[in-house]
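Asks: Supplied structure: work28.csv, CSV, C-alpha atoms.
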```csv
chain,number,residue,atom,x,y,z
Z,10,MET,CA,-10.1,12.7,-22.5
Z,11,HIS,CA,-11.6,11.3,-25.7
Z,12,ILE,CA,-10.3,10.2,-29.1
Z,13,LYS,CA,-12.0,9.7,-32.4
Z,14,ARG,CA,-13.5,6.2,-32.7
Z,15,LYS,CA,-11.8,5.6,-36.0
Z,16,THR,CA,-8.3,6.0,-34.3
Z,17,ILE,CA,-8.8,3.6,-31.4
Z,18,SER,CA,-6.3,0.9,-30.7
Z,19,LYS,CA,-6.7,-2.3,-32.7
Z,20,LEU,CA,-6.8,-4.2,-29.4
Z,21,TRP,CA,-10.2,-2.7,-28.6
Z,22,PRO,CA,-13.1,-5.2,-29.4
Z,23,VAL,CA,-15.5,-2.4,-30.3
Z,24,GLN,CA,-16.9,-1.3,-33.7
Z,25,ARG,CA,-15.2,1.6,-35.5
Z,26,THR,CA,-18.5,3.0,-36.5
Z,27,GLY,CA,-20.9,4.7,-34.1
Z,28,THR,CA,-20.4,7.7,-31.8
Z,29,LYS,CA,-17.7,9.9,-33.1
Z,30,TYR,CA,-15.6,10.0,-29.9
Z,31,MET,CA,-14.7,7.4,-27.2
Z,32,ALA,CA,-13.1,7.6,-23.8
Z,33,VAL,CA,-9.4,6.7,-23.6
Z,34,PRO,CA,-7.4,5.2,-20.7
Z,35,SER,CA,-6.0,7.8,-18.3
Z,36,HIS,CA,-2.5,6.4,-19.0
Z,37,ASN,CA,-0.9,3.5,-20.9
Z,38,GLN,CA,-3.2,4.3,-23.8
Z,39,HIS,CA,-1.5,2.1,-26.4
Z,40,ASP,CA,-1.8,-1.3,-24.6
Z,41,SER,CA,-5.0,-0.9,-22.6
Z,42,ILE,CA,-8.7,-0.2,-22.6
Z,43,PRO,CA,-10.5,2.2,-20.3
Z,44,LEU,CA,-12.6,0.8,-17.4
Z,45,MET,CA,-15.6,2.5,-19.0
Z,46,ILE,CA,-15.3,0.5,-22.2
Z,47,ALA,CA,-14.6,-2.8,-20.3
Z,48,THR,CA,-17.6,-2.5,-17.9
Z,49,ARG,CA,-20.2,-1.0,-20.4
Z,50,ASP,CA,-19.3,-2.3,-23.9
Z,51,MET,CA,-17.6,-5.6,-23.0
Z,52,LEU,CA,-19.2,-6.9,-19.8
Z,53,GLY,CA,-22.5,-5.0,-19.8
Z,54,ILE,CA,-22.2,-4.4,-16.0
Z,55,VAL,CA,-23.1,-0.7,-16.4
Z,56,LYS,CA,-25.1,1.3,-19.0
Z,57,SER,CA,-23.6,4.7,-18.5
Z,58,LYS,CA,-20.7,6.6,-17.0
Z,59,LYS,CA,-23.0,7.7,-14.2
Z,60,GLU,CA,-23.7,4.1,-13.2
Z,61,LEU,CA,-19.9,3.3,-13.2
Z,62,LYS,CA,-19.2,6.4,-11.1
Z,63,LYS,CA,-21.7,5.1,-8.6
Z,64,LEU,CA,-20.0,1.8,-8.3
Z,65,LEU,CA,-16.6,3.4,-8.0
Z,66,ASN,CA,-17.8,5.8,-5.3
Z,67,GLU,CA,-19.3,2.8,-3.4
Z,68,LYS,CA,-15.8,1.1,-3.6
Z,69,LYS,CA,-17.2,-1.9,-5.5
Z,70,ILE,CA,-14.6,-2.3,-8.3
Z,71,ALA,CA,-11.0,-3.4,-8.0
Z,72,ILE,CA,-8.2,-4.1,-10.4
Z,73,ASN,CA,-5.5,-6.4,-9.3
Z,74,GLY,CA,-6.8,-6.1,-5.7
Z,75,ARG,CA,-6.8,-2.3,-5.6
Z,76,LEU,CA,-9.9,-0.2,-5.4
Z,77,ILE,CA,-10.4,2.0,-8.5
Z,78,LYS,CA,-11.7,5.6,-8.5
Z,79,GLU,CA,-11.2,6.6,-12.2
Z,80,THR,CA,-13.8,5.7,-14.9
Z,81,ASN,CA,-11.0,5.7,-17.5
Z,82,TYR,CA,-8.5,3.7,-15.5
Z,83,PRO,CA,-6.6,1.4,-17.9
Z,84,LEU,CA,-7.3,-2.3,-18.0
Z,85,THR,CA,-4.2,-4.0,-19.5
Z,86,LEU,CA,-3.6,-7.6,-20.6
Z,87,PHE,CA,-3.8,-10.1,-17.7
Z,88,ASP,CA,-5.3,-7.6,-15.3
Z,89,VAL,CA,-7.9,-9.0,-12.9
Z,90,LEU,CA,-11.1,-6.9,-12.7
Z,91,SER,CA,-13.1,-7.7,-9.5
Z,92,ILE,CA,-16.5,-6.8,-8.2
Z,93,PRO,CA,-16.3,-8.2,-4.6
Z,94,SER,CA,-20.0,-7.3,-3.7
Z,95,ILE,CA,-21.2,-9.9,-6.2
Z,96,ASN,CA,-18.1,-12.1,-6.0
Z,97,LYS,CA,-17.4,-11.8,-9.7
Z,98,HIS,CA,-13.8,-11.8,-11.1
Z,99,TYR,CA,-12.6,-11.3,-14.7
Z,100,ARG,CA,-9.2,-11.5,-16.4
Z,101,ALA,CA,-8.2,-9.5,-19.5
Z,102,THR,CA,-7.0,-11.9,-22.1
Z,103,LEU,CA,-6.5,-12.0,-25.9
Z,104,THR,CA,-8.9,-13.7,-28.3
Z,105,GLY,CA,-7.3,-13.5,-31.7
Z,106,LYS,CA,-5.9,-10.0,-32.0
Z,107,LYS,CA,-8.5,-8.4,-29.8
Z,108,MET,CA,-8.6,-8.0,-26.0
Z,109,ASP,CA,-11.2,-10.1,-24.3
Z,110,ILE,CA,-12.4,-10.4,-20.7
Z,111,SER,CA,-13.1,-13.9,-19.3
Z,112,ILE,CA,-14.7,-14.8,-16.0
Z,113,ILE,CA,-12.4,-16.6,-13.6
Z,114,LYS,CA,-12.7,-18.4,-10.3
Z,115,ASP,CA,-12.4,-16.6,-7.0
Z,116,SER,CA,-9.4,-18.8,-6.2
Z,117,GLU,CA,-7.6,-17.3,-9.2
Z,118,SER,CA,-8.5,-13.7,-8.7
Z,119,ASN,CA,-5.5,-12.7,-6.4
Z,120,GLN,CA,-2.9,-14.0,-8.9
Z,121,ARG,CA,-1.4,-12.2,-11.9
Z,122,ILE,CA,1.7,-12.8,-14.0
Z,123,TYR,CA,4.0,-9.8,-14.4
Z,124,LYS,CA,7.1,-9.3,-16.5
Z,125,ILE,CA,10.3,-8.1,-14.8
Z,126,ILE,CA,11.4,-4.9,-16.6
Z,127,GLY,CA,14.2,-3.8,-14.2
Z,128,GLU,CA,15.8,-4.1,-10.8
Z,129,LYS,CA,17.5,-1.9,-8.3
Z,130,GLN,CA,19.9,-2.9,-5.5
Z,131,LEU,CA,18.8,-1.5,-2.1
Z,132,ALA,CA,20.5,-1.5,1.3
Z,133,GLY,CA,20.4,-4.7,3.3
Z,134,LYS,CA,20.7,-7.0,0.3
Z,135,LYS,CA,17.2,-6.3,-0.7
Z,136,VAL,CA,16.4,-5.8,-4.4
Z,137,GLN,CA,13.6,-3.7,-5.8
Z,138,ILE,CA,12.0,-5.5,-8.7
Z,139,ASN,CA,10.2,-3.4,-11.2
Z,140,LEU,CA,7.3,-5.0,-13.0
Z,141,THR,CA,5.0,-4.2,-15.8
Z,142,ASN,CA,2.1,-1.9,-14.9
Z,143,GLY,CA,4.3,0.2,-12.7
Z,144,ARG,CA,4.2,-2.3,-9.9
Z,145,ASN,CA,7.3,-2.8,-7.7
Z,146,ILE,CA,8.2,-5.4,-5.1
Z,147,LEU,CA,11.1,-6.0,-2.7
Z,148,SER,CA,12.7,-9.4,-2.9
Z,149,SER,CA,15.8,-11.2,-1.9
Z,150,GLU,CA,15.1,-14.0,-4.4
Z,151,LYS,CA,17.3,-14.4,-7.5
Z,152,MET,CA,15.5,-12.9,-10.5
Z,153,LYS,CA,16.5,-11.2,-13.7
Z,154,THR,CA,15.1,-8.7,-16.1
Z,155,GLY,CA,13.0,-10.5,-18.7
Z,156,ASP,CA,11.8,-13.2,-16.3
Z,157,PHE,CA,8.2,-13.4,-15.2
Z,158,VAL,CA,6.7,-13.6,-11.7
Z,159,VAL,CA,3.4,-15.0,-10.5
Z,160,LEU,CA,2.4,-12.4,-7.9
Z,161,ASP,CA,-0.2,-12.6,-5.1
Z,162,ASN,CA,-1.7,-9.1,-5.6
Z,163,LEU,CA,-3.2,-8.8,-2.1
Z,164,LYS,CA,0.0,-9.8,-0.3
Z,165,ASN,CA,2.3,-8.3,-2.9
Z,166,LYS,CA,4.2,-11.6,-2.6
Z,167,VAL,CA,6.0,-13.6,-5.3
Z,168,LEU,CA,4.6,-17.1,-5.6
Z,169,ARG,CA,6.9,-18.3,-8.3
Z,170,THR,CA,9.2,-17.2,-11.1
Z,171,ILE,CA,9.2,-18.2,-14.8
Z,172,SER,CA,12.2,-17.9,-17.1
Z,173,LEU,CA,11.7,-18.2,-20.8
Z,174,GLY,CA,13.1,-21.4,-22.1
Z,175,LYS,CA,12.3,-24.7,-23.9
Z,176,ASP,CA,8.7,-25.9,-23.4
Z,177,VAL,CA,7.6,-22.8,-21.5
Z,178,PRO,CA,4.0,-21.9,-22.5
Z,179,VAL,CA,3.8,-18.4,-24.0
Z,180,LEU,CA,1.4,-16.0,-25.6
Z,181,ILE,CA,2.5,-13.6,-28.3
Z,182,VAL,CA,1.3,-10.2,-27.2
Z,183,LYS,CA,2.8,-8.0,-30.0
Z,184,GLY,CA,3.7,-8.2,-33.6
Z,185,LYS,CA,2.0,-9.8,-36.6
Z,186,HIS,CA,1.4,-13.1,-34.7
Z,187,ILE,CA,-0.3,-11.4,-31.7
Z,188,GLY,CA,-2.9,-13.6,-30.0
Z,189,LYS,CA,-1.2,-16.9,-30.9
Z,190,SER,CA,0.2,-19.2,-28.3
Z,191,GLY,CA,2.3,-22.3,-27.9
Z,192,LYS,CA,5.4,-23.6,-26.2
Z,193,ILE,CA,9.0,-22.4,-26.8
Z,194,LYS,CA,10.9,-24.8,-29.0
Z,195,GLU,CA,14.2,-22.9,-28.8
Z,196,ILE,CA,15.6,-19.4,-28.3
Z,197,ILE,CA,18.3,-18.2,-30.7
Z,198,LYS,CA,20.3,-15.1,-31.5
Z,199,GLU,CA,19.9,-13.5,-34.9
Z,200,GLY,CA,22.2,-10.5,-35.1
Z,201,GLU,CA,21.1,-8.1,-32.4
Z,202,ASN,CA,17.8,-9.8,-31.9
Z,203,THR,CA,16.8,-12.7,-29.7
Z,204,ILE,CA,14.2,-14.9,-31.4
Z,205,GLY,CA,11.9,-17.4,-29.9
Z,206,LYS,CA,10.7,-20.3,-32.0
Z,207,ILE,CA,7.3,-21.3,-30.9
Z,208,LYS,CA,5.5,-24.6,-31.4
Z,209,SER,CA,1.8,-23.7,-32.0
Z,210,GLU,CA,-1.3,-25.2,-33.4
Z,211,GLU,CA,-0.6,-23.3,-36.6
Z,212,GLY,CA,2.9,-24.7,-36.9
Z,213,GLU,CA,6.2,-23.1,-35.9
Z,214,ILE,CA,6.3,-19.4,-35.4
Z,215,SER,CA,9.3,-17.2,-35.0
Z,216,THR,CA,9.1,-13.9,-33.2
Z,217,ASN,CA,11.2,-11.5,-31.2
Z,218,ILE,CA,11.5,-12.7,-27.6
Z,219,GLN,CA,10.2,-9.2,-26.5
Z,220,ASN,CA,6.8,-10.1,-28.0
Z,221,LEU,CA,6.4,-13.1,-25.7
Z,222,PHE,CA,4.6,-13.3,-22.4
Z,223,ALA,CA,4.8,-16.4,-20.2
Z,224,ILE,CA,1.5,-18.1,-19.3
Z,225,GLU,CA,0.5,-21.1,-17.2
```
Show me the file's structure as structure tokens.
Replies:
Amino acid sequence: MHIKRKTISKLWPVQRTGTKYMAVPSHNQHDSIPLMIATRDMLGIVKSKKELKKLLNEKKIAINGRLIKETNYPLTLFDVLSIPSINKHYRATLTGKKMDISIIKDSESNQRIYKIIGEKQLAGKKVQINLTNGRNILSSEKMKTGDFVVLDNLKNKVLRTISLGKDVPVLIVKGKHIGKSGKIKEIIKEGENTIGKIKSEEGEISTNIQNLFAIE
């Protein structure tokens, strides 16, 4: 599937002039970039779709510890892109308002922060925790929707949880302040909205708590 270059998401760090059409992610199209764009245009690992297909067929590319088969698989914010054959690992981040991909250490490559978006009580006092990116885990630990977990992707194990509160480092991932970071000063209710006041290098920023993502 392709879209016109002029209509691509503002997150994509690619020029809006050039070939008329570009590949789009196979799903989660609004908040991600396709693997094709990430590996060719951003990292320069491949020069063509054919080269990328070859790497995928040889099982040389993984995202969050899972081998990928689709050239247009979506890479979302905080995902870890790994090429085990050359021991290279990258994390999708934000630079300003654009998605960026930064190289990370091997020791960091198994960990990713996810937001808890729901939970379901199961038999035996187990709870299914639903995370961003469609990932689910079973846990008996106390967690709540809106918290964040640091997950070991290979073991599918929660290493620690993070609740939004005073002095917690956060990145603003949506809204007009996207890309800015800082620490939470306070969280207040304003009508039906919950607002986080953030201490950043640019001064104090107020934004809906739904726009915040915990970082370390």
Asks: With the cut-off set at 10 Å and counting only C-alpha atoms, tabulate each residue of stretch 120-159 of chain Z with an atom at most that distance from an atom of stretch 79-88 of chain Z, showing the nearest atom pair and its distance in Å to one decimal, ordered by chain and increasing number, as a tab-separated table.
Replies:
```
residue	atom	partner	partner_atom	distance
Z:Gln120	CA	Z:Asp88	CA	9.4
Z:Arg121	CA	Z:Phe87	CA	6.6
Z:Ile122	CA	Z:Phe87	CA	7.2
Z:Tyr123	CA	Z:Phe87	CA	8.5
Z:Thr141	CA	Z:Thr85	CA	9.9
Z:Asn142	CA	Z:Thr85	CA	8.1
```
Asks: Restricting the calculation to all atoms listed in the file, which member of Z:Lys208, Z:Lys59, Z:Lys151, Z:Lys114 is positioned closest to Z:Ile171?
Replies: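 Among the listed residues, the smallest separation from Z:Ile171 belongs to Z:Lys151.
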Asks: Looking at all atoms listed in the file, which of Z:Gly105, Z:Pro93, Z:Gly188, Z:Gly53 is the one that sits closest to Z:Asn73?
Replies: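 For Z:Asn73, the nearest of the given residues is Z:Pro93.
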Asks: As an exercise, work out the distance from atom CA of Z:Ser209 to atom CA of Z:Ile125 in Å and give it to one decimal place.
Replies: 24.7 Å
Asks: Go through Z:Ile138, Z:Leu160, Z:Val179, Z:Ile196 one by one, measure the shortest atom-to-atom distance of each to Z:Glu117 using only C-alpha atoms, and give the residue with the smallest value.
Replies: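 For Z:Glu117, the nearest of the candidates is Z:Leu160.
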Asks: Quick one: distance from atom CA of Z:Leu65 to atom CA of Z:Val159 in Å, one decimal?
Replies: 27.3 Å
Asks: Please indicate the distance in Å from atom CA of Z:Lys68 to atom CA of Z:Ile54, rounded to one decimal place.
Replies: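 Atom CA of Z:Ile54 lies at a distance of 15.0 Å from atom CA of Z:Lys68.
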Asks: Excluding same-chain residues fewer than 5 positions from Z:Glu67, what lies within 12 Å of it counting only C-alpha atoms, as a PyMOL selection string?
Replies: chain Z and resi 60-62+76-78+92-94
Asks: May I ask which of the residues Z:Ser172, Z:Asn165, Z:Ser91, Z:Ser215 is the closest one to Z:Met152, counting only C-alpha atoms?
Replies: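 Looking at the shortest contact to Z:Met152, the residue is Z:Ser172.
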Asks: When you count all atoms listed in the file, which of these residues is closest to Z:Lys106: Z:Leu221, Z:Val182, Z:Ile146, Z:Leu52?
Replies: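 Ranking Z:Leu221, Z:Val182, Z:Ile146, Z:Leu52 by distance to Z:Lys106, first place goes to Z:Val182.
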Asks: Distance cut-off 7 Å, centre (-14.4, -13.4, -18.4) in file coordinates, counting only C-alpha atoms: which residues qualify? Return them as number ranges by chain.
Replies: Z: 99-100, 110-113
Asks: Which neighbours of Z:Val136 fall inside 12 Å, counting all atoms listed in the file, when residues of the same chain fewer than 4 positions from it are skipped, and could you give them as a ChimeraX atom specification?
Replies: /Z:127-132,145-153
Asks: Which residue is closest to Z:Arg75? Choose from Z:Leu163, Z:Lys56, Z:Asn202, Z:Gly155 and count all atoms listed in the file.
Replies: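 Of all the options, Z:Leu163 lies closest to Z:Arg75.
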Asks: Fix up stretch 95-117 of chain Z with N, CA and C atoms, then write it as a JSON list (two decimals), keeping the file's coordinate frame.
Replies:
```json
[["chain", "number", "residue", "atom", "x", "y", "z"],
["Z", 95, "ILE", "N", -20.49, -8.83, -5.54],
["Z", 95, "ILE", "CA", -21.20, -9.90, -6.20],
["Z", 95, "ILE", "C", -20.32, -11.14, -6.42],
["Z", 96, "ASN", "N", -19.10, -11.06, -5.87],
["Z", 96, "ASN", "CA", -18.10, -12.10, -6.00],
["Z", 96, "ASN", "C", -17.88, -12.55, -7.44],
["Z", 97, "LYS", "N", -17.68, -11.56, -8.30],
["Z", 97, "LYS", "CA", -17.40, -11.80, -9.70],
["Z", 97, "LYS", "C", -15.96, -11.30, -10.01],
["Z", 98, "HIS", "N", -15.22, -12.11, -10.77],
["Z", 98, "HIS", "CA", -13.80, -11.80, -11.10],
["Z", 98, "HIS", "C", -13.61, -12.07, -12.59],
["Z", 99, "TYR", "N", -12.89, -11.18, -13.26],
["Z", 99, "TYR", "CA", -12.60, -11.30, -14.70],
["Z", 99, "TYR", "C", -11.16, -11.06, -14.97],
["Z", 100, "ARG", "N", -10.62, -11.75, -16.00],
["Z", 100, "ARG", "CA", -9.20, -11.50, -16.40],
["Z", 100, "ARG", "C", -9.21, -11.01, -17.85],
["Z", 101, "ALA", "N", -8.42, -9.98, -18.11],
["Z", 101, "ALA", "CA", -8.20, -9.50, -19.50],
["Z", 101, "ALA", "C", -7.30, -10.42, -20.22],
["Z", 102, "THR", "N", -7.76, -10.91, -21.35],
["Z", 102, "THR", "CA", -7.00, -11.90, -22.10],
["Z", 102, "THR", "C", -7.00, -11.42, -23.62],
["Z", 103, "LEU", "N", -6.49, -12.27, -24.47],
["Z", 103, "LEU", "CA", -6.50, -12.00, -25.90],
["Z", 103, "LEU", "C", -7.34, -13.13, -26.58],
["Z", 104, "THR", "N", -8.26, -12.74, -27.43],
["Z", 104, "THR", "CA", -8.90, -13.70, -28.30],
["Z", 104, "THR", "C", -8.62, -13.23, -29.73],
["Z", 105, "GLY", "N", -7.78, -14.01, -30.39],
["Z", 105, "GLY", "CA", -7.30, -13.50, -31.70],
["Z", 105, "GLY", "C", -6.39, -12.31, -31.42],
["Z", 106, "LYS", "N", -6.67, -11.25, -32.15],
["Z", 106, "LYS", "CA", -5.90, -10.00, -32.00],
["Z", 106, "LYS", "C", -6.59, -8.97, -31.15],
["Z", 107, "LYS", "N", -7.70, -9.36, -30.54],
["Z", 107, "LYS", "CA", -8.50, -8.40, -29.80],
["Z", 107, "LYS", "C", -8.45, -8.77, -28.26],
["Z", 108, "MET", "N", -8.50, -7.72, -27.44],
["Z", 108, "MET", "CA", -8.60, -8.00, -26.00],
["Z", 108, "MET", "C", -9.96, -8.50, -25.66],
["Z", 109, "ASP", "N", -9.97, -9.44, -24.73],
["Z", 109, "ASP", "CA", -11.20, -10.10, -24.30],
["Z", 109, "ASP", "C", -11.20, -10.08, -22.76],
["Z", 110, "ILE", "N", -12.34, -10.32, -22.16],
["Z", 110, "ILE", "CA", -12.40, -10.40, -20.70],
["Z", 110, "ILE", "C", -13.17, -11.67, -20.35],
["Z", 111, "SER", "N", -12.49, -12.55, -19.62],
["Z", 111, "SER", "CA", -13.10, -13.90, -19.30],
["Z", 111, "SER", "C", -13.30, -13.96, -17.78],
["Z", 112, "ILE", "N", -14.39, -14.58, -17.40],
["Z", 112, "ILE", "CA", -14.70, -14.80, -16.00],
["Z", 112, "ILE", "C", -13.74, -15.84, -15.43],
["Z", 113, "ILE", "N", -13.27, -15.64, -14.20],
["Z", 113, "ILE", "CA", -12.40, -16.60, -13.60],
["Z", 113, "ILE", "C", -12.87, -16.94, -12.18],
["Z", 114, "LYS", "N", -12.30, -18.00, -11.62],
["Z", 114, "LYS", "CA", -12.70, -18.40, -10.30],
["Z", 114, "LYS", "C", -12.16, -17.47, -9.22],
["Z", 115, "ASP", "N", -12.85, -17.46, -8.09],
["Z", 115, "ASP", "CA", -12.40, -16.60, -7.00],
["Z", 115, "ASP", "C", -11.00, -17.01, -6.54],
["Z", 116, "SER", "N", -10.67, -18.30, -6.60],
["Z", 116, "SER", "CA", -9.40, -18.80, -6.20],
["Z", 116, "SER", "C", -8.23, -18.28, -7.08],
["Z", 117, "GLU", "N", -8.56, -17.84, -8.30],
["Z", 117, "GLU", "CA", -7.60, -17.30, -9.20],
["Z", 117, "GLU", "C", -7.42, -15.82, -9.20]]
```
